[in-house]
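*Asks:* My structure is below; once you've seen it, I'll send some questions.
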Number of protein chains: 2
Amino acid sequence: MDTDKFFSKDADNLVPSPIREAFKLIEKPGIISFAGGMPDPATFPAVEIKRAVDSLDLSKALQYGSSPGMIEFREKLPDFAKMRGIKDLSTDNVTVTTGSQEALYILSFLLINPGDDVIVEYPTYIATLDAMVLRRPIFHGIPLQEDGMDVVLLERTLKNLKRKGKKAKLIYTIPCSHNPTGVTMSTDKRKRLLELASEYDTLILEDDAYGLLSFDRNAPDSIKSMDKEERVIYTSSFSKILSPGFRIGWVAAEKTISRKIDIMKQSVDMHTPTFNQSIALELLKNGTIERNLPAIRERYKKKRDSMTEAIEENFPKSVTFTRPSGGMFIFAWLDKKINATDLLPKAIENGVAYVPGEDFFFDRKPKNTMRLNFSFPSQEQIYEGIKRLSRIL
Amino acid sequence: MDTDKFFSKDADNLVPSPIREAFKLIEKPGIISFAGGMPDPATFPAVEIKRAVDSLDLSKALQYGSSPGMIEFREKLPDFAKMRGIKDLSTDNVTVTTGSQEALYILSFLLINPGDDVIVEYPTYIATLDAMVLRRPIFHGIPLQEDGMDVVLLERTLKNLKRKGKKAKLIYTIPCSHNPTGVTMSTDKRKRLLELASEYDTLILEDDAYGLLSFDRNAPDSIKSMDKEERVIYTSSFSKILSPGFRIGWVAAEKTISRKIDIMKQSVDMHTPTFNQSIALELLKNGTIERNLPAIRERYKKKRDSMTEAIEENFPKSVTFTRPSGGMFIFAWLDKKINATDLLPKAIENGVAYVPGEDFFFDRKPKNTMRLNFSFPSQEQIYEGIKRLSRIL
């Protein structure tokens with residue numbers, strides 16, 4: 001049967017995510033993958049999770065729950081948010097989502113009309129772009145510097161929009177250990193970003209997935225923590241500090257926005273699994289999650305160091321790359337003649353995989369870039385994989 | 001801050017689900033709730049679930065997974081579908097979703113353009129209506145008879161659309177133990193429905209959430225099992241036969257449609273929790289899920305009988321109600337003067353809750369109706385709750 005005629009017009013905007021597609025690669029034996037964004041399984045608190053399951057009242061943990069999330073879990077989140085400097089949340093501000101991806105998806109739906117102007121970092125997280133593309137916005141990309149978004153260019157962009165009688169609907173940022181670049185935004189720039197958002201009356205969508213994964217120093221407090229106008233919508237995730245297989249994210253927003261998120265969530269998937277929330281709640285209460293953070297940071301710091309060293313030793317000198325103080329990713333700029341997308345099949349032939357950087361730029365223009373993940377492979381694999389990669393560069 | 005100006009136009013279509021709102025009621029002490037659609041927690045295989053968790057390789061079960069679902073789980077589903085008569089599925093046809101709600105949401109997005117004609121049962125499942133409303137279709141409601149949808153009226157509706165140069169995009173049906181009415185569609189009507197879908201070139205969306213929960217006799221084979229043109233998109237759920245707190249549903253469709261579902265799912269929530277899929281897979285493999293079915297059916301049959309008896313003994317004779325052969329719900333038509341929505345606060349005052357029936361009709365017109373859930377309350381609560389209800393009718 002010809003199915004094409006049945007699809008909605010919006011279905012045309014669906015693009016398969018190269019990262020998700022890359023998942024297929026790592027299943028091939030012998031491939032060293034820097035492609036995914038997977039945590040090291042050694043960071044999963046397996047024993048504590050099994051113990052938590054044993055202790056659960058399953059008559060509740062296996063039952064339907066409320067759409068914004070279990071009330072006991074939502075009561076814990078404002079407390080947890082204090083680790084990122086956020087002080088004034090109540091349960092009315094928070095929704096538990098199926099990964100922070102769902103929060104990003106729902107917010108795209110709730111906030112963006114077709115044709116709306118949306119400001120994103122250039123590059124930025126691909127799955128957010130994919131969710132936003134379904135709403136057909138006009139993207140404006142702001143390049144990153146070593147200390148985060150170029151706020152001078154941001155101001156210019158906002159000003160230009162104003163001159164045309166327009167307003168950005170939102171500014172999307174990953175201010176800590178940015179995906180894909182690893183860059184962390186300075187406190188000064190966070191303040192400036194907030195000032196600009198206020199002056200030009202736009203929302204900030206702060207994606208703090210890596211906020212608790214800074215190794216070299218504590219990450220600056222979240223932008224949300226400095227927000228006096230409830231202008232910042234804050235998303236975070238338990239994927240990198242507990243388990244991505246649980247799919248537990250959360251979002252904090254001004255109450256009216258939170259309420260809309262809750263209602264939308266009823267239609268999208270009714271609620272985030274009660275079972276998973278119950279386990280995560282137990283691990284928040286008994287301190288497992290907080291207690292594990294130093295070991296995760298230490299582990300990733302070593303891997304970051306291994307990758308940095310291996311790149312310095314092996315890559316051609318023409319390659320520049322970021323030196324992240326946290327997170328999971330290094331971003332590299334290759335010789336301008338190299339197209340990293342075209343190069344990928346050859347890399348895989350040589351037993352190594354990465355994500356071509358162009359996918360992280362909304363306009364897909366910078367072809368000579370790649371994202372390298374260091375959290376999942378072992379230190380030995382990092383050395384070996386970078387060597388393999390250097391051979392074809 | 002005034003947030004209204006930031007919302008998209010589509011956000012205006014969000015309506016809070018009365019069922020989800022009703023969840024708040026059952027938390028009040030002393031209220032007997034016929035409102036939710038919750039399984040009896042005694043049907044949860046708690047011991048087997050804990051044992052399954054103990055046996056899991058958590059380095060995989062806690063990790064990210066692929067968007068269509070774990071391949072091992074997807075390989076099991078075609079086999080599982082044989083219980084509903086479906087024989088020809090391959091892994092390319094199936095996607096694991098975060099509850100079947102997510103499948104219904106994604107399909108609404110993929111298939112419905114604003115203004116498209118969509119045929120639904122009258123009444124039908126409210127959360128599907130809510131998901132579809134976000135796409136702004138034109139609904140056409142087909143009343144139910146004792147053996148399912150009135151296919152004569154269906155044909156007339158399809159013919160009328162054709163006369164106007166239009167086509168229904170899809171026909172949504174819950175053919176087994178329908179929610180909210182409990183009605184099961186006969187095999188003859190299933191065949192007729194397929195013929196009509198073929199003749200008028202439309203898709204069928206078959207929601208088989210209760211297909212394995214028929215107590216009086218085996219349910220007729222699914223519509224999907226009779227489908228030779230891949231015209232039927234089939235959704236099902238592990239919520240009623242394993243645990244709703246796991247949020248595991250699945251959808252089977254023609255390959256091109258399946259592929260679009262997978263890509264959309266990447267943006268919505270990336271993937272259904274690997275942890276929950278791993279547990280469900282284990283319980284499929286060791287036969288727990290299939291083995292539990294007879295006990296669940298027996299338990300709900302008794303409760304259905306209790307509710308039917310209690311209604312016959314206590315309700316005014318003017319009330320008519322359905323006598324479902326499976327599922328979780330009885331639907332009642334009250335005296336035409338009674339507005340069940342207006343009556344609800346009084347019912348709650350008297351210690352009993354239900355969902356007003358109007359919410360299940362896309363046009364909210366039939367006010368003198370209510371949905372009564374019998375799966376969650378105990379037999380004693382069913383008797384007492386129906387007595388309380390009868391006092392105010």
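Naming works like this for the structure tokens: A, B, ... for the chains as they're shown, residue 1 at the start of each chain, ligands 1 onward in shown order.
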Select, as an MDAnalysis selection string, those residues of chain A with any atom no more than 6 Å from chain B (distances computed using only C-alpha atoms).
*Replies:* chainID A and resid 6:8 11 16 41 59 62:64 98 101:102 105 110:113 131 243:247 263 267:269 273:275
*Asks:* Any chance you could tabulate, as a Markdown table, the residues of range 56-138 of chain A at most 12 Å from range 328-339 of chain A with each one's nearest atom pair and distance in Å to one decimal, using only C-alpha atoms, in chain and rising number order?
*Replies:*
```
| residue | atom | partner | partner_atom | distance |
| --- | --- | --- | --- | --- |
| A:Pro123 | CA | A:Phe331 | CA | 10.0 |
| A:Thr124 | CA | A:Phe331 | CA | 11.4 |
| A:Tyr125 | CA | A:Phe329 | CA | 11.5 |
```
*Asks:* Could you please take those selected residues and save N, CA and C atoms as a short mmCIF file (atom, residue, chain, number, x, y, z; two decimals), in the first residue's frame?
*Replies:*
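Saved the output as selection-v8.cif:
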```
data_model
loop_
_atom_site.label_atom_id
_atom_site.label_comp_id
_atom_site.auth_asym_id
_atom_site.auth_seq_id
_atom_site.Cartn_x
_atom_site.Cartn_y
_atom_site.Cartn_z
N PRO A 123 27.57 25.42 17.48
CA PRO A 123 26.60 24.32 17.40
C PRO A 123 25.76 24.15 18.68
N THR A 124 24.79 23.24 18.62
CA THR A 124 23.99 22.91 19.81
C THR A 124 23.55 21.46 19.76
N TYR A 125 22.83 21.05 20.81
CA TYR A 125 22.40 19.65 20.93
C TYR A 125 21.40 19.30 19.83
#
```
*Asks:* Return the single residue from A:Lys387, A:Arg297, A:Lys162, A:Lys302 that is closest to Ala219 in chain A, with distances computed using only C-alpha atoms.
*Replies:*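 The answer is A:Arg297, which sits nearest to Ala219 in chain A.
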*Asks:* How would you write, as a compact mmCIF listing (two decimals) with C-alpha atoms, in the first residue's frame, the set of residues in range 226-393 of chain A that DSSP gives as strand (DSSP E)?
*Replies:*
```txt
# COMPACT_ATOMS: atom_id res chain seq x y z
CA VAL A 232 14.29 30.86 32.74
CA ILE A 233 12.86 27.42 32.07
CA TYR A 234 15.29 24.91 33.49
CA THR A 235 15.64 21.29 32.41
CA SER A 236 17.83 18.64 33.92
CA SER A 237 18.23 14.90 33.83
CA ILE A 248 14.00 10.44 34.15
CA GLY A 249 14.35 14.11 33.45
CA TRP A 250 12.65 17.12 34.95
CA VAL A 251 11.79 20.67 34.15
CA ALA A 252 11.30 23.70 36.38
CA THR A 320 41.98 22.47 17.03
CA PHE A 321 39.79 21.07 19.78
CA PHE A 329 32.43 15.57 24.86
CA ILE A 330 35.35 17.11 23.00
CA PHE A 331 34.66 18.99 19.79
CA ALA A 332 37.29 19.17 17.07
CA TRP A 333 37.80 21.45 14.06
CA VAL A 352 36.46 3.97 14.99
CA ALA A 353 33.27 6.06 15.01
CA VAL A 355 29.43 12.03 15.15
CA PRO A 356 30.09 14.47 12.30
CA THR A 369 34.06 19.25 12.64
CA MET A 370 33.44 16.20 14.80
CA ARG A 371 32.15 15.37 18.28
CA LEU A 372 34.14 12.88 20.28
CA ASN A 373 32.66 11.22 23.35
```
*Asks:* Going by DSSP on the backbone, which residues of range 263-364 of chain B come out as helix (DSSP H, G or I)? List them as number ranges by chain.
*Replies:* B: 263-268, 274-285, 288-314, 340-349, 357-360
*Asks:* I need the chosen residues saved as a PDB file, in the first residue's frame, with C-alpha atoms.
*Replies:*
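Listing of again.pdb after writing:
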```pdb
ATOM      1  CA  ILE B 263      12.040   8.936  14.023  1.00  0.00           C
ATOM      2  CA  MET B 264       9.319  10.912  15.765  1.00  0.00           C
ATOM      3  CA  LYS B 265      10.024   8.997  18.951  1.00  0.00           C
ATOM      4  CA  GLN B 266      13.649  10.159  18.847  1.00  0.00           C
ATOM      5  CA  SER B 267      12.401  13.704  19.285  1.00  0.00           C
ATOM      6  CA  VAL B 268       9.665  12.965  21.803  1.00  0.00           C
ATOM      7  CA  THR B 274      15.584   0.190  28.716  1.00  0.00           C
ATOM      8  CA  PHE B 275      15.274  -0.906  32.330  1.00  0.00           C
ATOM      9  CA  ASN B 276      11.528  -1.487  32.052  1.00  0.00           C
ATOM     10  CA  GLN B 277      11.829  -3.151  28.645  1.00  0.00           C
ATOM     11  CA  SER B 278      14.466  -5.511  30.046  1.00  0.00           C
ATOM     12  CA  ILE B 279      12.192  -6.566  32.902  1.00  0.00           C
ATOM     13  CA  ALA B 280       9.158  -7.021  30.642  1.00  0.00           C
ATOM     14  CA  LEU B 281      11.294  -9.028  28.211  1.00  0.00           C
ATOM     15  CA  GLU B 282      12.366 -11.354  31.007  1.00  0.00           C
ATOM     16  CA  LEU B 283       8.727 -11.842  32.063  1.00  0.00           C
ATOM     17  CA  LEU B 284       7.708 -12.537  28.475  1.00  0.00           C
ATOM     18  CA  LYS B 285      10.508 -15.053  28.090  1.00  0.00           C
ATOM     19  CA  THR B 288       5.015 -14.903  33.686  1.00  0.00           C
ATOM     20  CA  ILE B 289       2.843 -12.527  31.686  1.00  0.00           C
ATOM     21  CA  GLU B 290       0.947 -15.224  29.810  1.00  0.00           C
ATOM     22  CA  ARG B 291       0.616 -17.391  32.924  1.00  0.00           C
ATOM     23  CA  ASN B 292      -0.963 -14.551  34.904  1.00  0.00           C
ATOM     24  CA  LEU B 293      -3.726 -13.814  32.406  1.00  0.00           C
ATOM     25  CA  PRO B 294      -6.302 -16.384  33.607  1.00  0.00           C
ATOM     26  CA  ALA B 295      -6.073 -15.128  37.205  1.00  0.00           C
ATOM     27  CA  ILE B 296      -6.475 -11.493  36.121  1.00  0.00           C
ATOM     28  CA  ARG B 297      -9.522 -12.384  33.999  1.00  0.00           C
ATOM     29  CA  GLU B 298     -11.071 -14.394  36.850  1.00  0.00           C
ATOM     30  CA  ARG B 299     -10.533 -11.547  39.300  1.00  0.00           C
ATOM     31  CA  TYR B 300     -12.079  -8.911  37.008  1.00  0.00           C
ATOM     32  CA  LYS B 301     -14.953 -11.200  36.032  1.00  0.00           C
ATOM     33  CA  LYS B 302     -15.946 -11.443  39.696  1.00  0.00           C
ATOM     34  CA  LYS B 303     -15.726  -7.702  40.104  1.00  0.00           C
ATOM     35  CA  ARG B 304     -17.744  -7.144  36.951  1.00  0.00           C
ATOM     36  CA  ASP B 305     -20.378  -9.482  38.358  1.00  0.00           C
ATOM     37  CA  SER B 306     -20.387  -7.649  41.682  1.00  0.00           C
ATOM     38  CA  MET B 307     -20.872  -4.307  39.989  1.00  0.00           C
ATOM     39  CA  THR B 308     -23.575  -5.592  37.662  1.00  0.00           C
ATOM     40  CA  GLU B 309     -25.462  -7.129  40.588  1.00  0.00           C
ATOM     41  CA  ALA B 310     -25.057  -4.056  42.760  1.00  0.00           C
ATOM     42  CA  ILE B 311     -26.358  -1.814  39.978  1.00  0.00           C
ATOM     43  CA  GLU B 312     -29.342  -4.087  39.321  1.00  0.00           C
ATOM     44  CA  GLU B 313     -30.223  -4.163  43.011  1.00  0.00           C
ATOM     45  CA  ASN B 314     -29.727  -0.504  43.761  1.00  0.00           C
ATOM     46  CA  ALA B 340     -23.513  13.565  35.616  1.00  0.00           C
ATOM     47  CA  THR B 341     -20.885  16.318  35.567  1.00  0.00           C
ATOM     48  CA  ASP B 342     -22.999  18.534  37.818  1.00  0.00           C
ATOM     49  CA  LEU B 343     -23.707  15.542  40.046  1.00  0.00           C
ATOM     50  CA  LEU B 344     -20.061  14.635  40.656  1.00  0.00           C
ATOM     51  CA  PRO B 345     -19.356  17.020  43.580  1.00  0.00           C
ATOM     52  CA  LYS B 346     -22.385  15.621  45.374  1.00  0.00           C
ATOM     53  CA  ALA B 347     -21.200  12.084  44.706  1.00  0.00           C
ATOM     54  CA  ILE B 348     -17.808  12.900  46.171  1.00  0.00           C
ATOM     55  CA  GLU B 349     -19.494  14.436  49.209  1.00  0.00           C
ATOM     56  CA  GLY B 357     -19.524  10.283  30.495  1.00  0.00           C
ATOM     57  CA  GLU B 358     -19.677  13.496  28.495  1.00  0.00           C
ATOM     58  CA  ASP B 359     -15.871  13.657  28.482  1.00  0.00           C
ATOM     59  CA  PHE B 360     -15.763  10.583  26.245  1.00  0.00           C
TER      60      PHE B 360
END
```
*Asks:* Find the distance between CA of Ile86 in chain A and CA of Thr322 in chain A and write it in Å to one decimal.
*Replies:*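 Result for CA of Ile86 in chain A versus CA of Thr322 in chain A: 28.3 Å, one decimal.
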*Asks:* Could you tell me how far CA of Leu158 in chain B lies from CA of Tyr200 in chain B, in Å and to one decimal?
*Replies:* 6.8 Å
*Asks:* Set the distance at 12 Å and use only C-alpha atoms: which residues neighbour Lys82 in chain A once local chain neighbours fewer than 2 positions away are removed? I'd like the list as a PyMOL selection string.
*Replies:* chain A and resi 76-80+84-90+211-212+221-222+224-225
*Asks:* Generate the output file for the selected residues, N, CA and C atoms, as a PDB file, in the first residue's frame.
*Replies:*
```pdb
ATOM      1  N   LYS A  76      11.004  16.397  46.416  1.00  0.00           N
ATOM      2  CA  LYS A  76      12.451  16.275  46.589  1.00  0.00           C
ATOM      3  C   LYS A  76      13.227  17.178  45.625  1.00  0.00           C
ATOM      4  N   LEU A  77      12.661  17.426  44.436  1.00  0.00           N
ATOM      5  CA  LEU A  77      13.418  18.125  43.392  1.00  0.00           C
ATOM      6  C   LEU A  77      13.860  19.548  43.767  1.00  0.00           C
ATOM      7  N   PRO A  78      12.981  20.345  44.428  1.00  0.00           N
ATOM      8  CA  PRO A  78      13.440  21.687  44.813  1.00  0.00           C
ATOM      9  C   PRO A  78      14.686  21.635  45.704  1.00  0.00           C
ATOM     10  N   ASP A  79      14.750  20.633  46.544  1.00  0.00           N
ATOM     11  CA  ASP A  79      15.904  20.450  47.407  1.00  0.00           C
ATOM     12  C   ASP A  79      17.143  20.076  46.583  1.00  0.00           C
ATOM     13  N   PHE A  80      16.953  19.153  45.654  1.00  0.00           N
ATOM     14  CA  PHE A  80      18.033  18.695  44.781  1.00  0.00           C
ATOM     15  C   PHE A  80      18.573  19.861  43.952  1.00  0.00           C
ATOM     16  N   ARG A  84      22.478  23.252  42.366  1.00  0.00           N
ATOM     17  CA  ARG A  84      22.773  24.119  41.223  1.00  0.00           C
ATOM     18  C   ARG A  84      22.416  25.576  41.519  1.00  0.00           C
ATOM     19  N   GLY A  85      22.294  25.859  42.822  1.00  0.00           N
ATOM     20  CA  GLY A  85      22.087  27.234  43.269  1.00  0.00           C
ATOM     21  C   GLY A  85      20.643  27.715  43.227  1.00  0.00           C
ATOM     22  N   ILE A  86      19.731  26.834  42.848  1.00  0.00           N
ATOM     23  CA  ILE A  86      18.320  27.251  42.684  1.00  0.00           C
ATOM     24  C   ILE A  86      17.593  27.103  44.024  1.00  0.00           C
ATOM     25  N   LYS A  87      16.989  28.185  44.480  1.00  0.00           N
ATOM     26  CA  LYS A  87      16.484  28.162  45.859  1.00  0.00           C
ATOM     27  C   LYS A  87      14.971  28.219  46.018  1.00  0.00           C
ATOM     28  N   ASP A  88      14.271  28.791  45.060  1.00  0.00           N
ATOM     29  CA  ASP A  88      12.870  29.126  45.355  1.00  0.00           C
ATOM     30  C   ASP A  88      11.831  28.243  44.674  1.00  0.00           C
ATOM     31  N   LEU A  89      12.163  27.027  44.339  1.00  0.00           N
ATOM     32  CA  LEU A  89      11.184  26.180  43.648  1.00  0.00           C
ATOM     33  C   LEU A  89      10.169  25.591  44.620  1.00  0.00           C
ATOM     34  N   SER A  90       8.948  25.425  44.127  1.00  0.00           N
ATOM     35  CA  SER A  90       7.974  24.618  44.867  1.00  0.00           C
ATOM     36  C   SER A  90       7.511  23.498  43.936  1.00  0.00           C
ATOM     37  N   GLY A 211      25.229  19.825  34.463  1.00  0.00           N
ATOM     38  CA  GLY A 211      25.518  20.795  35.528  1.00  0.00           C
ATOM     39  C   GLY A 211      26.231  20.192  36.729  1.00  0.00           C
ATOM     40  N   LEU A 212      26.008  18.921  36.998  1.00  0.00           N
ATOM     41  CA  LEU A 212      26.658  18.282  38.157  1.00  0.00           C
ATOM     42  C   LEU A 212      27.881  17.482  37.744  1.00  0.00           C
ATOM     43  N   ASP A 221      26.939  28.545  39.237  1.00  0.00           N
ATOM     44  CA  ASP A 221      25.515  28.312  39.510  1.00  0.00           C
ATOM     45  C   ASP A 221      24.710  28.451  38.220  1.00  0.00           C
ATOM     46  N   SER A 222      23.597  27.759  38.187  1.00  0.00           N
ATOM     47  CA  SER A 222      22.757  27.777  36.988  1.00  0.00           C
ATOM     48  C   SER A 222      22.222  29.190  36.723  1.00  0.00           C
ATOM     49  N   LYS A 224      19.222  29.779  36.001  1.00  0.00           N
ATOM     50  CA  LYS A 224      17.936  29.790  36.734  1.00  0.00           C
ATOM     51  C   LYS A 224      18.112  30.356  38.143  1.00  0.00           C
ATOM     52  N   SER A 225      19.260  30.069  38.765  1.00  0.00           N
ATOM     53  CA  SER A 225      19.475  30.516  40.148  1.00  0.00           C
ATOM     54  C   SER A 225      19.580  32.049  40.246  1.00  0.00           C
TER      55      SER A 225
END
```
*Asks:* Expressed in Å to a single decimal, how great is the separation between CA of Arg217 in chain B and CA of Pro180 in chain B?
*Replies:*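 Taking CA of Arg217 in chain B and CA of Pro180 in chain B, their separation equals 19.7 Å.
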*Asks:* Looking at only C-alpha atoms, which of A:Ile223, A:Leu144, A:Met83, A:Ile392 is the one that sits closest to Arg192 in chain A?
*Replies:* A:Ile223
*Asks:* Show which residues sit within 10 Å of Asn350 in chain B, as a list in words. Count only C-alpha atoms, and ignore same-chain residues fewer than 5 positions away.
*Replies:*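 Those residues are Gly30, Ile31, Ile32, Leu344, Pro345, Gly385, Arg388, Leu389, Arg391 and Ile392 of chain B.
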*Asks:* Those same residues, written as a PDB file, in the first residue's frame with N, CA and C atoms?
*Replies:*
```pdb
ATOM      1  N   GLY B  30     -11.406   7.630  52.400  1.00  0.00           N
ATOM      2  CA  GLY B  30     -12.825   7.283  52.498  1.00  0.00           C
ATOM      3  C   GLY B  30     -13.577   7.306  51.184  1.00  0.00           C
ATOM      4  N   ILE B  31     -12.988   7.871  50.142  1.00  0.00           N
ATOM      5  CA  ILE B  31     -13.675   7.917  48.848  1.00  0.00           C
ATOM      6  C   ILE B  31     -13.527   6.562  48.145  1.00  0.00           C
ATOM      7  N   ILE B  32     -14.630   6.009  47.714  1.00  0.00           N
ATOM      8  CA  ILE B  32     -14.573   4.827  46.859  1.00  0.00           C
ATOM      9  C   ILE B  32     -14.571   5.327  45.419  1.00  0.00           C
ATOM     10  N   LEU B 344     -21.300  15.204  40.101  1.00  0.00           N
ATOM     11  CA  LEU B 344     -20.061  14.635  40.656  1.00  0.00           C
ATOM     12  C   LEU B 344     -19.676  15.186  42.038  1.00  0.00           C
ATOM     13  N   PRO B 345     -19.729  16.526  42.241  1.00  0.00           N
ATOM     14  CA  PRO B 345     -19.356  17.020  43.580  1.00  0.00           C
ATOM     15  C   PRO B 345     -20.209  16.399  44.684  1.00  0.00           C
ATOM     16  N   GLY B 385     -19.955   1.330  47.158  1.00  0.00           N
ATOM     17  CA  GLY B 385     -19.891   2.510  46.284  1.00  0.00           C
ATOM     18  C   GLY B 385     -21.143   2.647  45.428  1.00  0.00           C
ATOM     19  N   ARG B 388     -23.898   3.952  47.594  1.00  0.00           N
ATOM     20  CA  ARG B 388     -23.756   5.399  47.807  1.00  0.00           C
ATOM     21  C   ARG B 388     -24.230   6.184  46.590  1.00  0.00           C
ATOM     22  N   LEU B 389     -23.854   5.656  45.422  1.00  0.00           N
ATOM     23  CA  LEU B 389     -24.210   6.334  44.176  1.00  0.00           C
ATOM     24  C   LEU B 389     -25.725   6.312  43.969  1.00  0.00           C
ATOM     25  N   ARG B 391     -28.013   6.327  46.109  1.00  0.00           N
ATOM     26  CA  ARG B 391     -28.714   7.259  46.998  1.00  0.00           C
ATOM     27  C   ARG B 391     -28.877   8.645  46.372  1.00  0.00           C
ATOM     28  N   ILE B 392     -27.926   9.040  45.553  1.00  0.00           N
ATOM     29  CA  ILE B 392     -28.019  10.393  44.981  1.00  0.00           C
ATOM     30  C   ILE B 392     -28.613  10.400  43.563  1.00  0.00           C
TER      31      ILE B 392
END
```
*Asks:* Within 8 Å of Tyr122 in chain A, counting only C-alpha atoms, which residues qualify if same-chain residues fewer than 3 places away don't, as a list in words?
*Replies:*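 Skipping anything fewer than 3 positions along the chain leaves Gly141, Ile142, Pro143, Leu144, Phe360, Phe361 and Phe362 of chain A.
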*Asks:* Can you list, as an MDAnalysis selection string, every protein, DNA or RNA residue that comes within 6 Å of Asp117 in chain B when you count only C-alpha atoms, leaving out same-chain residues fewer than 4 positions away?
*Replies:* chainID B and resid 137:138 168:169
*Asks:* Restrict the selected residues to C-alpha atoms and save them as a PDB file, in the first residue's frame.
*Replies:*
```
ATOM      1  CA  PRO B 137      -9.211  17.461  13.085  1.00  0.00           C
ATOM      2  CA  ILE B 138     -12.903  17.348  12.281  1.00  0.00           C
ATOM      3  CA  ALA B 168     -11.516  10.120   6.342  1.00  0.00           C
ATOM      4  CA  LYS B 169      -7.848  10.038   7.330  1.00  0.00           C
TER       5      LYS B 169
END
```
